[in-house]
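Enquirer: Below are the structure tokens for one structure; questions will follow.
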Amino acid sequence: MYNGRRVAVIIAAAGRGTRLGTAVPKQYLKIGGQPVIIKAMKVFDRMDEVDHIFVVASEEYLDFCSGLIAQHSFAKVEDVIAGGKERQDSVYNALQEMNRRRPGVEYVLIHDAARPFISEEVVRNVLRATAETGAGVACVAMKNSVRRQSPDMEDSESVDRSEYYSVQTPQGFRKSLLIDAYEKAYDESFFGTDDAAIVEHAGARVAIVDGEYQNIKITTKEDLPMENRVGTGYDVHRLVEGRKLILGGVDIPFERGLDGHSDADVLIHAIMDALLGAAGLGDIGLHFPDTDPEYEGISSIRLLQKVHGMLEEAYYQIGNIDATLICQRPKIRPYTERMRQNLADALDIDVSRINIKATTTERLGFTGREEGIACDAICSIYR
């Protein structure tokens, strides 16, 4: 409760986020391993001022959203409601259901699921303005100079940026005011870009509340914070007679080759494990078991391409790869540039992001005795 008044929050999650260009709506993408919508909801769920949370999702993702929310221990989430054609329709659906279930609610906050960095301080600022004026909207002052385009698109003019604000959520309203405003909007076929515009259309005053610049809305890929990860990989294969020696996709002339279920490319295997490890996707044994006949004799370049596909599905890109082959013989340096190019082609990255080195162990250990070849790899990925 806030000052003895019951508060409900509507999380608007019915958008499809087409501008981001991802396979799923932006509110379901993960930041720091956590879906955007979940990060946003947790702030409201832990606040003493909030009594009830209602989520509105598109019909297509209704079950998905419900299942996702069920995986987390939310104390105040009451339902996931089907949205409508427009954002206004979706919020109104949730508003009606909230009012039916919780008629005692007096203040309603509406927050975009795609704003995961909302702070408790901003929420309290909005609640304070809602209690004082009936409607409060989180906003931030414009940082950049602002120009206005003429209607004919042939001219523009500078405007005073001190008169303009960038609108955020949450937006808070007295419930009765918000319901009346929505009904008036539908009666007059008015569609606003946000809830504040709908309330303003009804003739109510909307107070500007200090928001925060970090409270961004995820709209394009540039809005997503950079997530950097590092992974390591290590692999060993025995040198045997009657096998080709394949390293980095290069067939290297040598009297023996590496033994394994696939082509036993120890360099690529170590790199694959490093990439999978960085993304938290297990290891090559999990995805390409040596008991599966599908992978018998397969080129490791093809397996590396599959790993690259897994990274892309998880929205990761490769920063760089550094690998060290450990063997007494043969000499590796004459082949490293071809190896780098093969890897760059398979991973669709610039060759400058790949480094391959080789070292001996001064004839110590199994590599020094030429019993096998080992490889260490480290990589960085980001999204």
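By order of appearance in the structure tokens: chains A, B, ..., then residues from 1 within every chain, and ligands from 1 in the order shown.
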Using DSSP on the backbone coordinates, identify all residues within segment 50-272 of chain A classified as strand (DSSP E); present the result as a count of residues only.
Expert: 70
Enquirer: I'd like the neighbourhood of segment 179-187 of chain A as a VMD selection string, where a residue qualifies if any of its atoms comes within 9 Å (using only C-alpha atoms), though same-chain residues fewer than 3 positions away should be ignored.
Expert: chain A and resid 88 92 95 to 96 174 to 176 190 to 192 195 198 to 204
Enquirer: Pick out the residues sitting within 9 Å of Gly172 of chain A, and hand them over as an mmCIF file with N, CA and C atoms, in the first residue's frame; count only C-alpha atoms, and ignore anything fewer than 5 positions along from it in its own chain.
Expert:
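Dumped to around-v9.cif:
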data_model
loop_
_atom_site.group_PDB
_atom_site.id
_atom_site.type_symbol
_atom_site.label_atom_id
_atom_site.label_comp_id
_atom_site.auth_asym_id
_atom_site.auth_seq_id
_atom_site.Cartn_x
_atom_site.Cartn_y
_atom_site.Cartn_z
ATOM 1 N N VAL A 9 -0.065 -2.870 -10.284
ATOM 2 C CA VAL A 9 0.849 -2.591 -11.400
ATOM 3 C C VAL A 9 0.425 -3.437 -12.587
ATOM 4 N N TYR A 107 -4.764 3.165 -6.834
ATOM 5 C CA TYR A 107 -3.717 3.684 -7.712
ATOM 6 C C TYR A 107 -3.256 2.580 -8.654
ATOM 7 N N VAL A 108 -3.063 2.947 -9.927
ATOM 8 C CA VAL A 108 -2.606 1.983 -10.930
ATOM 9 C C VAL A 108 -1.319 2.510 -11.564
ATOM 10 N N LEU A 109 -0.300 1.660 -11.591
ATOM 11 C CA LEU A 109 0.944 1.959 -12.305
ATOM 12 C C LEU A 109 1.016 1.090 -13.544
ATOM 13 N N ILE A 110 1.408 1.689 -14.647
ATOM 14 C CA ILE A 110 1.575 0.939 -15.897
ATOM 15 C C ILE A 110 3.036 1.045 -16.308
ATOM 16 N N HIS A 111 3.646 -0.125 -16.531
ATOM 17 C CA HIS A 111 5.085 -0.143 -16.834
ATOM 18 C C HIS A 111 5.356 -1.049 -18.017
ATOM 19 N N VAL A 123 9.811 4.596 -9.057
ATOM 20 C CA VAL A 123 8.450 4.105 -8.772
ATOM 21 C C VAL A 123 7.814 4.935 -7.654
ATOM 22 N N VAL A 126 6.769 8.376 -8.848
ATOM 23 C CA VAL A 126 5.524 8.333 -9.615
ATOM 24 C C VAL A 126 4.322 8.162 -8.692
ATOM 25 N N LEU A 127 4.456 7.317 -7.691
ATOM 26 C CA LEU A 127 3.362 7.127 -6.735
ATOM 27 C C LEU A 127 3.054 8.415 -5.983
ATOM 28 N N ALA A 129 3.464 11.510 -7.024
ATOM 29 C CA ALA A 129 2.755 12.422 -7.918
ATOM 30 C C ALA A 129 1.331 11.951 -8.178
ATOM 31 N N THR A 130 1.146 10.643 -8.256
ATOM 32 C CA THR A 130 -0.193 10.092 -8.469
ATOM 33 C C THR A 130 -1.106 10.443 -7.302
ATOM 34 N N ALA A 131 -0.584 10.315 -6.087
ATOM 35 C CA ALA A 131 -1.370 10.640 -4.902
ATOM 36 C C ALA A 131 -1.691 12.120 -4.832
ATOM 37 N N GLY A 134 -3.152 12.947 -9.204
ATOM 38 C CA GLY A 134 -4.003 12.007 -9.929
ATOM 39 C C GLY A 134 -3.325 11.336 -11.094
ATOM 40 N N ALA A 135 -2.235 11.922 -11.594
ATOM 41 C CA ALA A 135 -1.512 11.329 -12.726
ATOM 42 C C ALA A 135 -0.064 11.803 -12.702
ATOM 43 N N GLY A 136 0.873 10.862 -12.736
ATOM 44 C CA GLY A 136 2.297 11.189 -12.744
ATOM 45 C C GLY A 136 3.041 10.308 -13.722
ATOM 46 N N VAL A 137 3.956 10.908 -14.467
ATOM 47 C CA VAL A 137 4.682 10.196 -15.515
ATOM 48 C C VAL A 137 6.177 10.419 -15.343
ATOM 49 N N ALA A 138 6.944 9.335 -15.320
ATOM 50 C CA ALA A 138 8.404 9.433 -15.249
ATOM 51 C C ALA A 138 8.936 9.987 -16.564
ATOM 52 N N ASP A 195 -0.402 5.928 -21.996
ATOM 53 C CA ASP A 195 -1.541 6.131 -21.100
ATOM 54 C C ASP A 195 -1.684 7.590 -20.691
ATOM 55 N N ALA A 196 -0.554 8.286 -20.568
ATOM 56 C CA ALA A 196 -0.608 9.698 -20.220
ATOM 57 C C ALA A 196 -1.349 10.489 -21.287
#
Enquirer: Considering only C-alpha atoms, return as a PDB file with C-alpha atoms, in the first residue's frame whatever protein or nucleic-acid residues lie within 10 Å of Phe366 of chain A, sequence-local ones (same chain, fewer than 6 positions apart) excluded.
Expert:
ATOM      1  CA  ARG A 238      46.674 -39.799 -29.371  1.00  0.00           C
ATOM      2  CA  CYS A 327      53.305 -30.951 -29.673  1.00  0.00           C
ATOM      3  CA  GLN A 328      56.901 -31.930 -30.316  1.00  0.00           C
ATOM      4  CA  GLY A 372      49.826 -37.265 -28.755  1.00  0.00           C
ATOM      5  CA  ILE A 373      48.951 -33.623 -29.354  1.00  0.00           C
ATOM      6  CA  ALA A 374      47.155 -31.304 -26.934  1.00  0.00           C
TER       7      ALA A 374
END
Enquirer: Residues near Glu212 of chain A, anyone? I mean within 10 Å using only C-alpha atoms, not counting same-chain ones fewer than 5 positions away, as a PDB file with C-alpha atoms, in the first residue's frame.
Expert:
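As a result, selection-v9.pdb now contains:
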ATOM      1  CA  PHE A 117      16.307  -1.059 -15.344  1.00  0.00           C
ATOM      2  CA  ILE A 118      13.552   0.691 -13.427  1.00  0.00           C
ATOM      3  CA  SER A 119      14.490   1.689  -9.868  1.00  0.00           C
ATOM      4  CA  GLU A 121      13.119   5.440  -6.340  1.00  0.00           C
ATOM      5  CA  VAL A 122      11.450   6.292  -9.654  1.00  0.00           C
ATOM      6  CA  ALA A 138       8.404   9.433 -15.249  1.00  0.00           C
ATOM      7  CA  CYS A 139      10.343  11.646 -17.679  1.00  0.00           C
ATOM      8  CA  VAL A 140      13.903  12.773 -18.314  1.00  0.00           C
ATOM      9  CA  ALA A 141      15.090  16.041 -19.827  1.00  0.00           C
ATOM     10  CA  GLN A 168       9.271   6.777 -19.661  1.00  0.00           C
TER      11      GLN A 168
END
Enquirer: Near Phe44 of chain A, within 9 Å and counting only C-alpha atoms, which residues show up once chain neighbours fewer than 3 positions away are dropped, as a tab-separated table (two decimals) with C-alpha atoms, in the first residue's frame?
Expert:
chain	number	residue	atom	x	y	z
A	9	VAL	CA	0.85	-2.59	-11.40
A	40	ALA	CA	11.40	-5.43	-14.61
A	41	MET	CA	8.81	-7.35	-12.57
A	47	MET	CA	8.28	-3.19	-3.04
A	48	ASP	CA	6.05	-2.84	0.02
A	49	GLU	CA	4.06	-0.15	-1.78
A	50	VAL	CA	2.83	-2.57	-4.47
A	53	ILE	CA	0.74	-7.23	-10.34
A	76	LYS	CA	2.22	-10.48	-6.07
A	120	GLU	CA	12.39	1.74	-6.71
A	123	VAL	CA	8.45	4.11	-8.77
Enquirer: Just want the 10 Å neighbourhood of Asp322 of chain A, counted on only C-alpha atoms, with same-chain residues fewer than 5 positions away dropped. Output as JSON, numbers by chain.
Expert: {"A": [232, 271, 274, 353, 354, 355, 356, 357, 376, 377, 378, 379, 380]}
Enquirer: Write the residues you've just listed into a file as a PDB file, in the first residue's frame, and include N, CA and C atoms for each of them.
Expert:
ATOM      1  N   THR A 232      37.196 -21.304 -21.696  1.00  0.00           N
ATOM      2  CA  THR A 232      38.437 -22.031 -21.980  1.00  0.00           C
ATOM      3  C   THR A 232      38.110 -23.439 -22.468  1.00  0.00           C
ATOM      4  N   ILE A 271      38.767 -25.319 -29.268  1.00  0.00           N
ATOM      5  CA  ILE A 271      38.086 -24.048 -29.529  1.00  0.00           C
ATOM      6  C   ILE A 271      36.579 -24.194 -29.339  1.00  0.00           C
ATOM      7  N   ALA A 274      35.771 -24.148 -25.734  1.00  0.00           N
ATOM      8  CA  ALA A 274      35.908 -22.797 -25.181  1.00  0.00           C
ATOM      9  C   ALA A 274      34.673 -21.958 -25.505  1.00  0.00           C
ATOM     10  N   ARG A 353      40.639 -11.867 -35.590  1.00  0.00           N
ATOM     11  CA  ARG A 353      40.130 -12.235 -34.269  1.00  0.00           C
ATOM     12  C   ARG A 353      40.612 -13.608 -33.808  1.00  0.00           C
ATOM     13  N   ILE A 354      41.393 -14.255 -34.626  1.00  0.00           N
ATOM     14  CA  ILE A 354      41.863 -15.606 -34.309  1.00  0.00           C
ATOM     15  C   ILE A 354      43.378 -15.626 -34.258  1.00  0.00           C
ATOM     16  N   ASN A 355      43.925 -16.212 -33.207  1.00  0.00           N
ATOM     17  CA  ASN A 355      45.375 -16.376 -33.080  1.00  0.00           C
ATOM     18  C   ASN A 355      45.673 -17.836 -32.757  1.00  0.00           C
ATOM     19  N   ILE A 356      46.658 -18.384 -33.445  1.00  0.00           N
ATOM     20  CA  ILE A 356      47.061 -19.776 -33.218  1.00  0.00           C
ATOM     21  C   ILE A 356      48.559 -19.815 -32.989  1.00  0.00           C
ATOM     22  N   LYS A 357      48.949 -20.443 -31.899  1.00  0.00           N
ATOM     23  CA  LYS A 357      50.360 -20.589 -31.558  1.00  0.00           C
ATOM     24  C   LYS A 357      50.662 -22.071 -31.361  1.00  0.00           C
ATOM     25  N   ASP A 376      45.262 -25.987 -25.911  1.00  0.00           N
ATOM     26  CA  ASP A 376      44.585 -25.077 -24.992  1.00  0.00           C
ATOM     27  C   ASP A 376      43.949 -23.966 -25.823  1.00  0.00           C
ATOM     28  N   ALA A 377      42.738 -23.568 -25.455  1.00  0.00           N
ATOM     29  CA  ALA A 377      42.092 -22.459 -26.169  1.00  0.00           C
ATOM     30  C   ALA A 377      41.345 -21.585 -25.185  1.00  0.00           C
ATOM     31  N   ILE A 378      41.299 -20.331 -25.489  1.00  0.00           N
ATOM     32  CA  ILE A 378      40.517 -19.368 -24.711  1.00  0.00           C
ATOM     33  C   ILE A 378      39.814 -18.456 -25.692  1.00  0.00           C
ATOM     34  N   CYS A 379      38.593 -18.049 -25.354  1.00  0.00           N
ATOM     35  CA  CYS A 379      37.843 -17.178 -26.250  1.00  0.00           C
ATOM     36  C   CYS A 379      37.028 -16.184 -25.457  1.00  0.00           C
ATOM     37  N   SER A 380      36.664 -15.118 -26.118  1.00  0.00           N
ATOM     38  CA  SER A 380      35.718 -14.163 -25.537  1.00  0.00           C
ATOM     39  C   SER A 380      34.525 -14.071 -26.466  1.00  0.00           C
TER      40      SER A 380
END
Enquirer: Using Å and a single decimal, report how far atom CA of Tyr335 of chain A sits from atom CA of Val240 of chain A.
Expert: 20.7 Å
Enquirer: Using the chain letters and numbers from this document, which residues of segment 178-251 of chain A does DSSP assign to helix (DSSP H, G or I), as a compact mmCIF listing (two decimals) with C-alpha atoms, in the first residue's frame?
Expert:
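Written file, part-v2.txt:
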# COMPACT_ATOMS: atom_id res chain seq x y z
CA LEU A 178 -7.73 6.12 -15.78
CA ILE A 179 -10.85 4.05 -16.40
CA ASP A 180 -12.90 7.16 -17.26
CA ALA A 181 -10.17 8.35 -19.62
CA TYR A 182 -10.03 5.02 -21.44
CA GLU A 183 -13.79 4.92 -21.88
CA LYS A 184 -13.79 8.48 -23.25
CA ALA A 185 -10.98 7.58 -25.64
CA TYR A 186 -12.92 4.62 -27.02
CA ASP A 187 -16.12 6.65 -27.28
CA ASP A 195 -1.54 6.13 -21.10
CA ALA A 196 -0.61 9.70 -20.22
CA ALA A 197 -1.84 10.85 -23.64
CA ILE A 198 -5.17 9.10 -23.03
CA VAL A 199 -5.62 10.75 -19.63
CA GLU A 200 -4.56 14.11 -21.06
CA HIS A 201 -7.14 13.70 -23.85
CA LYS A 221 19.94 -3.85 -30.59
CA GLU A 222 21.90 -0.76 -29.59
CA ASP A 223 19.78 -0.55 -26.43
Enquirer: I need the residue nearest Val250 of chain A from this list: A:Ile208, A:Ile11, A:Ile326, A:Val266. Use only C-alpha atoms for the distance.
Expert: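 Answer, going by the shortest atom-to-atom distance: A:Val266.
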Enquirer: Counting only C-alpha atoms, which residues of segment 307-353 of chain A sit at most 9 Å from some atom of segment 291-301 of chain A, and what is each one's closest atom pair with its distance in Å to one decimal, listed by chain and rising residue number, as JSON lines?
Expert:
{"residue": "A:Asn342", "atom": "CA", "partner": "A:Ile301", "partner_atom": "CA", "distance": 7.9}
{"residue": "A:Leu343", "atom": "CA", "partner": "A:Ile301", "partner_atom": "CA", "distance": 7.5}
{"residue": "A:Ala346", "atom": "CA", "partner": "A:Ile301", "partner_atom": "CA", "distance": 6.6}
Enquirer: Record the distance separating atom CA of Thr360 of chain A and atom CA of Gly285 of chain A, expressed in Å with one decimal.
Expert: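 Distance between the two atoms: 26.9 Å.
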Enquirer: To one decimal in Å, tell me the separation between atom CA of Asp348 of chain A and atom CA of Ile284 of chain A.
Expert: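 So the two atoms, atom CA of Asp348 of chain A and atom CA of Ile284 of chain A, lie 19.9 Å apart.
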